[in-house]
Every structure is written in structure tokens, then in C-alpha cells.
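Content type compact mmCIF, C-alpha atoms, from the file protein.txt:
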# COMPACT_ATOMS: atom_id res chain seq x y z
CA MET A 1 -56.17 90.45 -57.10
CA THR A 2 -59.19 91.95 -55.37
CA VAL A 3 -62.27 89.86 -54.56
CA PRO A 4 -65.56 90.65 -52.75
CA ILE A 5 -65.38 89.87 -49.04
CA THR A 6 -68.78 88.15 -49.27
CA SER A 7 -67.29 85.56 -51.65
CA LEU A 8 -64.83 84.30 -49.03
CA LEU A 9 -65.28 81.53 -46.48
CA ALA A 10 -63.48 80.99 -43.18
CA GLY A 11 -60.85 78.29 -43.33
CA GLU A 12 -60.00 75.69 -40.72
CA PRO A 13 -59.17 77.33 -37.38
CA LEU A 14 -55.58 76.98 -36.18
CA ARG A 15 -56.05 78.64 -32.79
CA SER A 16 -57.68 76.76 -29.95
CA ALA A 17 -58.57 80.08 -28.29
CA GLY A 18 -60.37 81.38 -31.39
CA HIS A 19 -59.87 84.75 -33.08
CA ASP A 20 -58.04 87.55 -31.27
CA VAL A 21 -60.42 90.52 -31.24
CA GLU A 22 -57.75 92.88 -29.88
CA HIS A 23 -55.46 92.00 -32.80
CA VAL A 24 -58.32 92.57 -35.27
CA MET A 25 -58.93 96.07 -33.87
CA LEU A 26 -55.21 96.80 -33.99
CA LEU A 27 -55.11 95.90 -37.70
CA ALA A 28 -58.27 97.89 -38.38
CA GLY A 29 -56.63 101.00 -36.92
CA LEU A 30 -53.66 100.86 -39.28
CA GLU A 31 -53.58 103.33 -42.16
CA SER A 32 -51.03 101.40 -44.24
CA ALA A 33 -52.13 98.68 -46.64
CA LEU A 34 -51.98 95.14 -45.28
CA PRO A 35 -50.49 92.19 -47.18
CA PRO A 36 -52.92 90.14 -49.32
CA ILE A 37 -54.61 87.22 -47.61
CA LEU A 38 -54.06 83.66 -48.90
CA VAL A 39 -57.15 81.97 -50.32
CA GLU A 40 -57.68 78.49 -51.74
CA ARG A 41 -59.04 79.16 -55.22
CA ARG A 42 -61.09 75.95 -55.46
CA THR A 43 -63.07 76.51 -52.24
CA MET A 44 -62.52 80.26 -51.66
CA LYS A 45 -61.56 79.43 -48.08
CA VAL A 46 -59.10 81.68 -46.28
CA ILE A 47 -55.88 79.80 -45.62
CA ASP A 48 -54.01 82.69 -44.04
CA GLY A 49 -55.19 86.18 -43.04
CA ILE A 50 -58.50 85.71 -41.23
CA HIS A 51 -57.64 88.58 -38.86
CA ARG A 52 -56.90 90.86 -41.82
CA LEU A 53 -60.21 89.85 -43.38
CA MET A 54 -62.09 90.66 -40.18
CA ALA A 55 -60.25 94.00 -39.93
CA ALA A 56 -61.31 94.87 -43.48
CA PHE A 57 -64.93 94.04 -42.59
CA VAL A 58 -64.73 96.22 -39.47
CA LYS A 59 -63.49 99.11 -41.63
CA GLY A 60 -66.48 98.65 -43.93
CA ARG A 61 -64.50 97.42 -46.92
CA GLN A 62 -66.39 95.56 -49.64
CA SER A 63 -63.37 93.80 -51.14
CA ILE A 64 -59.88 92.68 -50.18
CA GLU A 65 -56.59 91.84 -51.86
CA VAL A 66 -55.98 88.11 -52.10
CA GLU A 67 -53.31 85.72 -53.28
CA PHE A 68 -54.71 82.46 -54.59
CA TYR A 69 -53.43 79.03 -53.61
CA ASP A 70 -53.77 76.40 -56.34
CA GLY A 71 -51.84 73.54 -54.77
CA PRO A 72 -53.09 70.19 -53.45
CA ALA A 73 -55.95 70.47 -50.96
CA GLU A 74 -54.08 68.32 -48.44
CA ASP A 75 -51.19 70.81 -48.43
CA ALA A 76 -53.36 73.86 -47.69
CA PHE A 77 -53.11 73.23 -43.95
CA LEU A 78 -49.31 73.17 -44.21
CA ARG A 79 -49.35 76.58 -45.89
CA ALA A 80 -51.68 77.93 -43.22
CA VAL A 81 -49.43 76.78 -40.36
CA GLU A 82 -46.25 77.96 -42.06
CA ALA A 83 -47.74 81.37 -42.78
CA ASN A 84 -48.94 81.90 -39.22
CA VAL A 85 -45.54 80.95 -37.86
CA SER A 86 -43.55 83.25 -40.14
CA HIS A 87 -45.58 86.48 -39.78
CA GLY A 88 -48.58 88.13 -38.17
CA LEU A 89 -49.92 86.91 -34.85
CA PRO A 90 -47.85 83.83 -33.93
CA LEU A 91 -49.54 80.60 -32.94
CA SER A 92 -49.25 79.59 -29.32
CA LEU A 93 -46.91 76.73 -28.44
CA ALA A 94 -49.92 74.51 -27.73
CA ASP A 95 -51.40 75.31 -31.15
CA ARG A 96 -48.07 74.62 -32.88
CA ARG A 97 -47.80 71.26 -31.14
CA ALA A 98 -51.36 70.45 -32.18
CA ALA A 99 -50.41 71.37 -35.73
CA VAL A 100 -47.43 69.02 -35.54
CA GLU A 101 -49.71 66.13 -34.55
CA ARG A 102 -52.04 66.85 -37.44
CA ILE A 103 -49.21 67.16 -39.99
CA ILE A 104 -47.70 63.86 -38.84
CA SER A 105 -51.12 62.28 -39.34
CA SER A 106 -51.75 63.81 -42.79
CA HIS A 107 -48.15 63.86 -44.08
CA PRO A 108 -46.26 61.04 -42.31
CA ALA A 109 -43.60 60.99 -45.03
CA LEU A 110 -42.36 64.49 -44.15
CA SER A 111 -39.11 64.47 -42.19
CA ASP A 112 -38.94 65.75 -38.60
CA ARG A 113 -36.92 68.78 -39.69
CA ALA A 114 -39.35 69.64 -42.48
CA ILE A 115 -42.31 69.55 -40.07
CA ALA A 116 -40.33 71.51 -37.48
CA ARG A 117 -39.69 74.29 -39.99
CA ILE A 118 -43.37 74.45 -40.97
CA ALA A 119 -44.72 74.47 -37.41
CA GLY A 120 -42.01 76.61 -35.82
CA VAL A 121 -40.88 74.03 -33.26
CA GLY A 122 -37.73 72.00 -32.70
CA ALA A 123 -37.03 68.80 -34.61
CA LYS A 124 -36.77 66.95 -31.27
CA THR A 125 -40.32 68.01 -30.45
CA VAL A 126 -41.53 66.58 -33.74
CA ALA A 127 -39.59 63.35 -33.20
CA ALA A 128 -41.09 62.90 -29.74
CA THR A 129 -44.58 63.62 -31.07
CA ARG A 130 -44.12 61.17 -33.92
CA LYS A 131 -42.98 58.50 -31.49
CA ARG A 132 -46.13 58.96 -29.41
CA SER A 133 -48.46 59.28 -32.36
CA THR A 134 -50.45 56.25 -33.40
CA ALA A 135 -50.95 57.86 -36.80
CA ALA A 136 -47.29 57.59 -37.79
CA ASP A 137 -46.81 54.73 -40.23
CA ALA A 138 -43.94 52.54 -39.07
CA GLN A 139 -43.75 50.87 -42.49
CA LEU A 140 -42.73 54.01 -44.40
CA ASP A 141 -39.60 53.44 -46.48
CA GLY A 142 -38.80 57.12 -46.98
CA ARG A 143 -39.38 60.66 -45.76
CA VAL A 144 -39.50 63.97 -47.59
CA GLY A 145 -36.91 66.46 -46.41
CA ARG A 146 -37.06 70.25 -46.23
CA ASP A 147 -35.74 70.45 -49.78
CA GLY A 148 -38.61 68.30 -51.06
CA ARG A 149 -36.39 65.33 -51.87
CA VAL A 150 -37.39 61.84 -50.76
CA ARG A 151 -34.82 60.08 -48.63
CA PRO A 152 -35.36 56.44 -47.60
CA VAL A 153 -35.37 55.56 -43.93
CA ASN A 154 -33.67 52.31 -44.90
CA GLY A 155 -31.90 52.70 -48.23
CA ALA A 156 -31.32 49.00 -48.81
CA LEU A 157 -34.96 48.06 -48.23
CA GLY A 158 -36.06 50.81 -50.61
CA ARG A 159 -33.74 49.58 -53.37
CA LEU A 160 -34.83 45.97 -52.88
CA ARG A 161 -38.46 47.07 -53.09
CA VAL A 162 -37.75 48.90 -56.37
CA ALA A 163 -36.15 45.75 -57.78
CA GLU A 164 -39.28 43.75 -56.88
CA LEU A 165 -41.51 46.36 -58.51
CA ILE A 166 -39.42 46.37 -61.69
CA ALA A 167 -39.89 42.61 -61.95
CA GLU A 168 -43.65 43.03 -61.48
CA ARG A 169 -44.01 46.18 -63.62
CA PRO A 170 -41.14 46.34 -66.13
CA ASP A 171 -42.80 49.21 -68.02
CA ALA A 172 -43.38 51.42 -64.97
CA SER A 173 -41.69 54.81 -64.98
CA ALA A 174 -38.96 55.69 -62.51
CA ARG A 175 -41.26 58.24 -60.88
CA GLU A 176 -43.99 55.65 -60.39
CA LEU A 177 -41.53 53.14 -58.94
CA ALA A 178 -40.15 55.81 -56.62
CA ARG A 179 -43.62 56.78 -55.40
CA ILE A 180 -44.61 53.21 -54.57
CA ALA A 181 -41.27 52.19 -53.02
CA GLY A 182 -40.80 55.40 -51.07
CA VAL A 183 -37.46 56.32 -52.65
CA SER A 184 -36.30 59.14 -54.90
CA PRO A 185 -36.75 58.91 -58.68
CA ALA A 186 -32.96 59.04 -59.01
CA THR A 187 -32.65 55.94 -56.81
CA ALA A 188 -35.30 54.11 -58.83
CA SER A 189 -33.47 54.99 -62.06
CA ASP A 190 -30.17 53.82 -60.59
CA VAL A 191 -31.68 50.47 -59.54
CA ARG A 192 -33.13 49.94 -63.03
CA LYS A 193 -29.80 50.83 -64.63
CA ARG A 194 -27.94 48.40 -62.35
CA LEU A 195 -30.39 45.60 -63.06
CA ARG A 196 -30.10 46.14 -66.81
CA ALA A 197 -26.33 45.89 -66.43
CA GLY A 198 -26.72 42.56 -64.64
CA GLU A 199 -25.86 44.02 -61.25
CA GLY A 200 -27.72 43.92 -57.95
CA PRO A 201 -30.04 46.71 -56.76
CA LEU A 202 -27.94 47.84 -53.80
CA ALA A 203 -25.68 50.89 -53.75
CA ALA A 204 -22.72 51.21 -56.09
CA GLY A 205 -19.97 48.73 -55.29
CA VAL A 206 -22.32 46.23 -53.62
CA THR A 207 -24.25 43.52 -55.43
CA THR A 208 -26.57 40.84 -54.14
CA ALA A 209 -25.07 37.39 -54.07
CA SER A 210 -27.86 35.95 -56.20
CA ALA A 211 -27.44 38.63 -58.86
CA ALA A 212 -23.68 38.09 -59.00
CA LEU A 213 -24.09 34.34 -59.36
CA ASP A 214 -26.82 34.76 -61.98
CA ARG A 215 -24.58 37.13 -63.92
CA GLN A 216 -21.74 34.61 -63.89
CA ALA A 217 -24.10 31.87 -65.10
CA VAL A 218 -25.39 34.05 -67.95
CA GLN A 219 -21.87 35.03 -69.00
CA GLY A 220 -20.79 31.41 -68.94
CA GLY A 221 -23.81 30.38 -71.03
CA ARG A 222 -22.93 32.98 -73.67
CA GLY A 223 -19.38 31.81 -73.96
CA SER A 224 -17.98 34.85 -72.17
CA SER A 225 -14.32 34.86 -71.29
CA ALA A 226 -15.22 35.68 -67.67
CA ARG A 227 -14.30 32.79 -65.41
CA PRO A 228 -16.39 31.74 -62.40
CA LEU A 229 -15.07 31.86 -58.87
CA ARG A 230 -12.88 28.92 -57.96
CA LEU A 231 -14.19 27.06 -54.93
CA VAL A 232 -11.77 25.22 -52.67
CA GLN A 233 -12.99 21.74 -51.93
CA GLY A 234 -12.92 20.44 -48.38
CA ASP A 235 -14.53 20.75 -44.97
CA PRO A 236 -14.95 24.44 -44.05
CA THR A 237 -13.89 23.68 -40.48
CA GLU A 238 -10.60 22.16 -41.60
CA LEU A 239 -9.95 25.03 -44.01
CA LEU A 240 -10.58 27.54 -41.24
CA GLU A 241 -8.17 25.68 -38.94
CA LYS A 242 -5.43 25.96 -41.58
CA LEU A 243 -5.99 29.70 -41.81
CA LEU A 244 -5.97 30.06 -38.02
CA ARG A 245 -2.51 28.45 -37.91
CA ASP A 246 -1.10 30.67 -40.65
CA PRO A 247 1.29 33.22 -39.02
CA SER A 248 1.03 35.60 -41.98
CA LEU A 249 -2.60 36.23 -40.99
CA ARG A 250 -2.28 35.99 -37.20
CA HIS A 251 0.55 38.54 -36.99
CA LYS A 252 -1.34 41.39 -38.69
CA GLU A 253 -4.36 43.23 -37.30
CA GLU A 254 -6.21 43.03 -40.63
CA GLY A 255 -5.50 39.31 -40.80
CA ARG A 256 -6.77 38.76 -37.27
CA GLN A 257 -9.92 40.70 -38.10
CA LEU A 258 -10.51 38.50 -41.14
CA LEU A 259 -10.02 35.36 -39.05
CA ARG A 260 -12.53 36.63 -36.49
CA LEU A 261 -15.10 37.24 -39.21
CA LEU A 262 -14.53 33.82 -40.76
CA ARG A 263 -14.83 32.14 -37.36
CA GLN A 264 -18.10 33.95 -36.64
CA ASN A 265 -19.53 32.58 -39.89
CA SER A 266 -18.41 29.01 -39.29
CA LEU A 267 -21.63 27.83 -37.63
CA GLY A 268 -22.99 24.38 -38.28
CA THR A 269 -26.30 23.74 -40.02
CA HIS A 270 -28.17 23.09 -36.79
CA GLN A 271 -26.85 26.34 -35.29
CA TRP A 272 -28.10 28.36 -38.25
CA SER A 273 -31.48 26.67 -37.84
CA GLU A 274 -31.55 27.73 -34.20
CA LEU A 275 -30.76 31.31 -35.17
CA THR A 276 -33.56 31.24 -37.75
CA ALA A 277 -36.03 30.10 -35.14
CA ALA A 278 -34.89 32.87 -32.78
CA VAL A 279 -35.90 35.70 -35.14
CA PRO A 280 -39.31 37.14 -34.17
CA PRO A 281 -41.77 37.66 -37.07
CA HIS A 282 -41.72 41.46 -36.81
CA CYS A 283 -37.92 41.48 -37.32
CA SER A 284 -37.82 38.99 -40.19
CA ASP A 285 -37.75 41.51 -43.04
CA LEU A 286 -34.90 43.48 -41.47
CA VAL A 287 -32.85 40.35 -40.74
CA VAL A 288 -33.43 39.05 -44.27
CA SER A 289 -32.30 42.37 -45.72
CA LEU A 290 -29.15 42.49 -43.57
CA ALA A 291 -28.33 38.85 -44.31
CA ARG A 292 -28.58 39.49 -48.04
CA GLN A 293 -26.43 42.60 -47.75
CA TYR A 294 -23.76 40.71 -45.80
CA ALA A 295 -23.91 37.86 -48.32
CA ALA A 296 -23.48 40.39 -51.12
CA THR A 297 -20.49 41.91 -49.33
CA TRP A 298 -18.84 38.49 -48.91
CA GLN A 299 -19.55 37.73 -52.58
CA GLU A 300 -17.91 40.97 -53.65
CA PHE A 301 -14.96 40.28 -51.34
CA ALA A 302 -14.56 36.78 -52.80
CA GLN A 303 -14.72 38.14 -56.35
CA GLU A 304 -12.03 40.76 -55.72
CA LEU A 305 -9.80 38.28 -53.91
CA ASP A 306 -10.21 35.71 -56.68
CA GLU A 307 -9.24 38.28 -59.30
CA ARG A 308 -6.18 39.19 -57.23
CA VAL A 309 -5.19 35.52 -56.98
CA ARG A 310 -5.56 35.10 -60.74
CA SER A 311 -3.37 38.13 -61.30
CA LEU A 312 -0.69 36.68 -59.05
CA SER A 313 -0.94 33.28 -60.72
CA HIS A 314 -0.09 34.89 -64.05
CA ARG A 315 3.20 35.89 -62.45
CA GLN A 316 3.93 32.25 -61.64
CA GLU A 317 3.21 32.68 -57.93
CA PRO A 318 1.39 29.79 -56.21
CA PRO A 319 -2.30 30.70 -55.83
CA LEU A 320 -3.84 30.76 -52.38
CA ALA A 321 -6.60 28.37 -53.41
CA GLU A 322 -4.08 25.62 -54.26
CA ALA A 323 -2.25 26.17 -50.98
CA LEU A 324 -5.46 25.76 -49.00
CA GLY A 325 -6.54 22.74 -51.02
CA SER A 326 -3.29 20.88 -50.45

As C-alpha cells, how would this structure be written, given the file I've shared?
Amino acid sequence: MTVPITSLLAGEPLRSAGHDVEHVMLLAGLESALPPILVERRTMKVIDGIHRLMAAFVKGRQSIEVEFYDGPAEDAFLRAVEANVSHGLPLSLADRRAAVERIISSHPALSDRAIARIAGVGAKTVAATRKRSTAADAQLDGRVGRDGRVRPVNGALGRLRVAELIAERPDASARELARIAGVSPATASDVRKRLRAGEGPLAAGVTTASAALDRQAVQGGRGSSARPLRLVQGDPTELLEKLLRDPSLRHKEEGRQLLRLLRQNSLGTHQWSELTAAVPPHCSDLVVSLARQYAATWQEFAQELDERVRSLSHRQEPPLAEALGS
């Protein structure tokens, strides 16, 4: 499309050194047609092609071919940087680094690789700039990759956040939940599906301990045939000592690994209290999330083992629970 040159406005400068007059004169001397310039339709500002516009003015042209940009205003700068990197007069390294700083400030959710592709620098340069930048939001749950998909920095925290939002806004769409929680719409949909099925919000195969226990309670209240986990009565320390003396566990690497894990979890109440007091406030959310994930893993492990024991008991083999309780 052709528009009058007088209707156009200069966009935000990308070059710290200003316009390159020599490059303008070079373009003005070309006989072949130049590519259309990129213009933001709403403001008529030139996003890409200011040197071509100046060359057209030097040649006495009254109009110029343009391509209109109709996207979000906040993304116009990204298009300008990307265009200057991919063709025409390249931006200097200093200007590209300055662009990286600005993009991190305006689009902190973009991944390092996505910003690197836009600005024509290495991903390590972006990562180092982000680390130094005070504009980068440390609380972001997700980043947008080069393919436009949102990927959570911490998947578990994102899923837990979606579960909280669903409880607060049960009628919210998956896209709205994803936007607020910083996860992909597919993840938000998966969390909602898992919650409706009575499962926890974490990834497939892992449920939160509270959700698993709640599900068992609901099933029991409805007269379901599902049976709750059988708990072995007795002092945990004594039960652990029995397992530590069992040669069938001590003589296998997997058994020894299980014993090590059980021993690490055999802290007394006062020791757990000391550990709680040792967690600094800024780490609390992460520790809580990890603790819940580990609890969910143990719950799942207990469920699978209990089902295995029940299967063996049907074959008239003595169940492990009875052996430990004796």
C-alpha cells in the first residue's frame, strides 16, 4: 500500500549514534525498488525503514510503499529490533544490548532464547543481562519461548497456583487461569481435569497427599468399594529398627536406598520444629512446595505398595503390614 510521506512519523530510535547519512545516500542512489517500510497503523509511526523513508524524501518522492503493523503497541519495539537485525543496516552490538535490556524490562516473560533471536545476540548474553537487570521480575512463574508457548519456570508452583485460582474462580476459563498463573492453557486445563477427577494438581502420576486422603474419605463416605490405606500401629522408631535388621532389604541396593530414605525421614517432633525455624522467609514458598511434592510422592508410593500387599494377601501370602505389626 502506498501512503503520503507527509503522513508518516518517525518511530522510536534504535541507534544511539542516530541515522546513518551515508547509508541513506546509498539507498537513494539505487535504481531498484526498495522493500516496503513497516508502519504502525494506529500511530502512523515508522517501526522499520526510517533510512528507506529518508532516501525516498531525498529522491523527491511524495509517497512510499508501506506494510502496516496492527499488533499490540507494546510489541512494536520487538518488531523494530527484529527487523533491523535480520536485514538492512545492522544494529551495533551496543545497540542490540540496549535493546535486550529494554525487552527484558517490557517483556520479562519472554525466554532468554526468544529475546536472543529478536535482538541478534547470544542467549548467554540475555541471561547475564537479565541477572543484572533490576527490571526482571523474580516472581514470574513462566516464560514465553520462541514458539510463543508459555513454559513455567517452576512447573509445580504453576500447577499449585492454578489449583488455588480454580478454588477462588471456579467459572474462570482455562486461558484466564493460565494468564494469571503464568502457565500454558493446556496445563490449566489439565489441572482442572485432574481436580474434577479427584486427583491432585501436580503432573500425571503424582498427587498431593491431601488430595489423595480427601479422595479416600469421599469414596468411603459414598460406600465405595475402595479401601483406605492400612496403617501399622506402633512407634515409628521401633518399626524402622525392624526394617533395618531385615536382611532381605539390607542385601539389595534398592532395599538399602529405601532404608536410607526412611531413616532420613525419622526425625523427632522437636527436630522438625528446628528445621522449620531454619527456613528463611524468602525460601518458605519453595520449601513448602517441595515438602508437599515429597509428601505426595510418599503417598503415591504407600498406595502402590498397599495395593501390592493386598494382591499378595489374596494369594494367601502373609502381608507385610502384619509382619511389621507383630

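Coordinates place atom CA of Arg52 of chain A at a distance of 7.4 Å from atom CA of Leu34 of chain A.
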
Option closest in space to Thr187 of chain A, from A:Leu30, A:Arg175, A:Leu262, A:Val121 [counting all atoms listed in the file] | A:Arg175

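The interatomic distance for the pair atom CA of His51 of chain A and atom CA of His23 of chain A works out to 7.3 Å.
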
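We find atom CA of Ala278 of chain A and atom CA of Leu202 of chain A to be spaced 26.7 Å apart.
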
Taking into account all atoms listed in the file, which residue in the set A:Ala56, A:Glu74, A:Ser133, A:Ser7 is nearest to Val100 of chain A?
-> A:Ser133

Selected segment 70-81 of chain A, written as a PDB file, in the first residue's frame, N, CA and C atoms:
ATOM      1  N   ASP A  70      -0.485  -4.078  12.841  1.00  0.00           N
ATOM      2  CA  ASP A  70      -1.714  -3.905  13.614  1.00  0.00           C
ATOM      3  C   ASP A  70      -1.675  -4.629  14.958  1.00  0.00           C
ATOM      4  N   GLY A  71      -0.497  -5.066  15.371  1.00  0.00           N
ATOM      5  CA  GLY A  71      -0.382  -5.803  16.620  1.00  0.00           C
ATOM      6  C   GLY A  71      -0.389  -4.904  17.840  1.00  0.00           C
ATOM      7  N   PRO A  72      -0.174  -5.495  19.027  1.00  0.00           N
ATOM      8  CA  PRO A  72      -0.142  -4.719  20.266  1.00  0.00           C
ATOM      9  C   PRO A  72       0.957  -3.653  20.234  1.00  0.00           C
ATOM     10  N   ALA A  73       0.656  -2.493  20.801  1.00  0.00           N
ATOM     11  CA  ALA A  73       1.618  -1.391  20.791  1.00  0.00           C
ATOM     12  C   ALA A  73       2.909  -1.774  21.505  1.00  0.00           C
ATOM     13  N   GLU A  74       2.787  -2.576  22.574  1.00  0.00           N
ATOM     14  CA  GLU A  74       3.979  -2.934  23.337  1.00  0.00           C
ATOM     15  C   GLU A  74       4.902  -3.877  22.579  1.00  0.00           C
ATOM     16  N   ASP A  75       4.374  -4.507  21.503  1.00  0.00           N
ATOM     17  CA  ASP A  75       5.201  -5.424  20.714  1.00  0.00           C
ATOM     18  C   ASP A  75       5.835  -4.749  19.504  1.00  0.00           C
ATOM     19  N   ALA A  76       5.493  -3.497  19.255  1.00  0.00           N
ATOM     20  CA  ALA A  76       6.042  -2.789  18.088  1.00  0.00           C
ATOM     21  C   ALA A  76       7.559  -2.673  18.189  1.00  0.00           C
ATOM     22  N   PHE A  77       8.060  -2.431  19.380  1.00  0.00           N
ATOM     23  CA  PHE A  77       9.512  -2.316  19.558  1.00  0.00           C
ATOM     24  C   PHE A  77      10.199  -3.639  19.226  1.00  0.00           C
ATOM     25  N   LEU A  78       9.564  -4.758  19.594  1.00  0.00           N
ATOM     26  CA  LEU A  78      10.144  -6.066  19.286  1.00  0.00           C
ATOM     27  C   LEU A  78      10.267  -6.243  17.770  1.00  0.00           C
ATOM     28  N   ARG A  79       9.237  -5.848  17.042  1.00  0.00           N
ATOM     29  CA  ARG A  79       9.266  -5.956  15.588  1.00  0.00           C
ATOM     30  C   ARG A  79      10.367  -5.075  15.003  1.00  0.00           C
ATOM     31  N   ALA A  80      10.530  -3.890  15.574  1.00  0.00           N
ATOM     32  CA  ALA A  80      11.550  -2.969  15.078  1.00  0.00           C
ATOM     33  C   ALA A  80      12.944  -3.556  15.257  1.00  0.00           C
ATOM     34  N   VAL A  81      13.217  -4.102  16.436  1.00  0.00           N
ATOM     35  CA  VAL A  81      14.537  -4.684  16.705  1.00  0.00           C
ATOM     36  C   VAL A  81      14.778  -5.894  15.815  1.00  0.00           C
TER      37      VAL A  81
END
